[in-house]
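Participant: Below is one structure. I have some questions about it.
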Amino acid sequence: MPSRRAFILSGAPLLAGLILPRAALAAPQTHIIGMESDTLGSKVWFDPVGLHVQAGDTIRWELRENVHTVAAYHPDNAGHALRIPAAAAPWDSGYLVNQGDHCEVTLTEESVYDYYCEPHEFSGMVGRIVVGNGVASEDWRDVPAVARAGFPSVAEIVAKGRISGIRAG
Ligand SMILES: [Cu+2]
């Protein structure tokens with residue numbers, strides 16, 4: 001029986017052959033974003049806070065700690081600014097209260113989708129998903145300054161792919 005090390009070495013050339021441009025990967029993926037909190041509830045965040053995905057991918061927000069919602073920045077959600085594509089359907093999970101509760105949304109348009117947690121928007125609990133070569137809206141009307149400050153830039157998200165949202169307790 002070959003050792004584990006021998007297996008890894010022999011497998012390497014095969015894996016190298018599988019590296020393709022991301023656009024060539026046709027199968028849609030599901031990405032998980034945690035809805036988090038420190039134990040006192042004094043710090044709250046989405047993790048990752050910034051994520052780069054491809055059109056057709058699904059985002060699954062999962063409740064890990066505390067009580068949260070995830071809602072698109074959209075006028076249908078309590079008059080918030082429009083910060084998702086105009087043609088996209090807005091979403092609002094409602095309150096997620098039990099660990100493991102989740103909300104799934106499939107993003108189909110190359111754009112930027114900004115979202116917030118209803119009870120924690122004013123604690124800066126927001127997130128951003130860049131789909132493909134999406135560009136962010138310059139219109140920041142009705143976005144509280146503390147929430148606006150929580151968004152990573154599109155350039156940083158595209159460069160890193162995933163930006164941790166962890167806020168040390
Ligand atoms: Cu929250």
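Lettering and numbering for the structure tokens are positional, with chains as A, B, ... in the shown order, residues counted from 1 in each chain, and ligands counted from 1 in the shown order.
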Would you name the residues within 9 Å of ligand 1, counting only C-alpha atoms and all ligand atoms, and put them as an MDAnalysis selection string?
Facilitator: chainID A and resid 35:37 44:46 66:70 116:121 123 125:126
Participant: When you look at Asp101 of chain A with a cut-off of 8 Å (counting only C-alpha atoms), what residues show up, excluding the ones that are within fewer than 3 positions of it in the same chain? I need them as a list of chain:residue names.
Facilitator: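 Residues meeting the cut-off are A:Glu62, A:Leu63, A:Leu96, A:Val97, A:Asn98.
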Participant: Counting only C-alpha atoms, what is within 9 Å of Asn133 of chain A, bar same-chain residues fewer than 5 positions away, as a PDB file with N, CA and C atoms, in the first residue's frame?
Facilitator:
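Generated output (selection.pdb):
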ATOM      1  N   GLN A  54     -19.423  33.705  -8.889  1.00  0.00           N
ATOM      2  CA  GLN A  54     -19.774  33.750 -10.311  1.00  0.00           C
ATOM      3  C   GLN A  54     -21.300  33.767 -10.463  1.00  0.00           C
ATOM      4  N   GLU A 110     -24.271  39.715 -13.143  1.00  0.00           N
ATOM      5  CA  GLU A 110     -22.929  40.231 -12.839  1.00  0.00           C
ATOM      6  C   GLU A 110     -23.091  41.631 -12.295  1.00  0.00           C
ATOM      7  N   SER A 111     -22.911  41.774 -11.000  1.00  0.00           N
ATOM      8  CA  SER A 111     -23.174  43.054 -10.350  1.00  0.00           C
ATOM      9  C   SER A 111     -22.618  42.998  -8.934  1.00  0.00           C
ATOM     10  N   VAL A 112     -22.969  43.989  -8.147  1.00  0.00           N
ATOM     11  CA  VAL A 112     -22.632  43.989  -6.727  1.00  0.00           C
ATOM     12  C   VAL A 112     -23.923  43.942  -5.933  1.00  0.00           C
ATOM     13  N   VAL A 158     -12.470  41.368  -5.172  1.00  0.00           N
ATOM     14  CA  VAL A 158     -12.058  40.645  -6.382  1.00  0.00           C
ATOM     15  C   VAL A 158     -10.621  40.145  -6.239  1.00  0.00           C
TER      16      VAL A 158
END
Participant: Pick out the closest residue to His52 of chain A from this set: A:Gln99, A:Gln29, A:Asn77, A:Thr39. Count only C-alpha atoms.
Facilitator: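 Selected residue with least distance to His52 of chain A: A:Gln29.
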Participant: Would you give me, as a VMD selection string, the residues in segment 2-161 of chain A that DSSP reads as strand (DSSP E)?
Facilitator: chain A and resid 30 to 37 44 to 47 50 to 53 58 to 63 71 to 72 102 to 106 112 to 116 126 to 131
Participant: In Å, rounded to a single decimal, give me how far atom CA of Glu104 of chain A is from atom CA of Pro28 of chain A.
Facilitator: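 Separating atom CA of Pro28 of chain A from atom CA of Glu104 of chain A is a distance of 13.6 Å.
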Participant: Excluding Ile59 of chain A and residues on its chain fewer than 3 positions from it, collect all residues at most 12 Å away from it, counting only C-alpha atoms, and give them as a ChimeraX atom specification.
Facilitator: /A:28-34,48,50-56,62,70,91,102-108,113,115,127-131
Participant: Taking the chain letters and numbering used in this document, name the residues of segment 91-159 of chain A that DSSP puts in alpha helix (DSSP H), as a VMD selection string.
Facilitator: chain A and resid 145 to 148 154 to 159
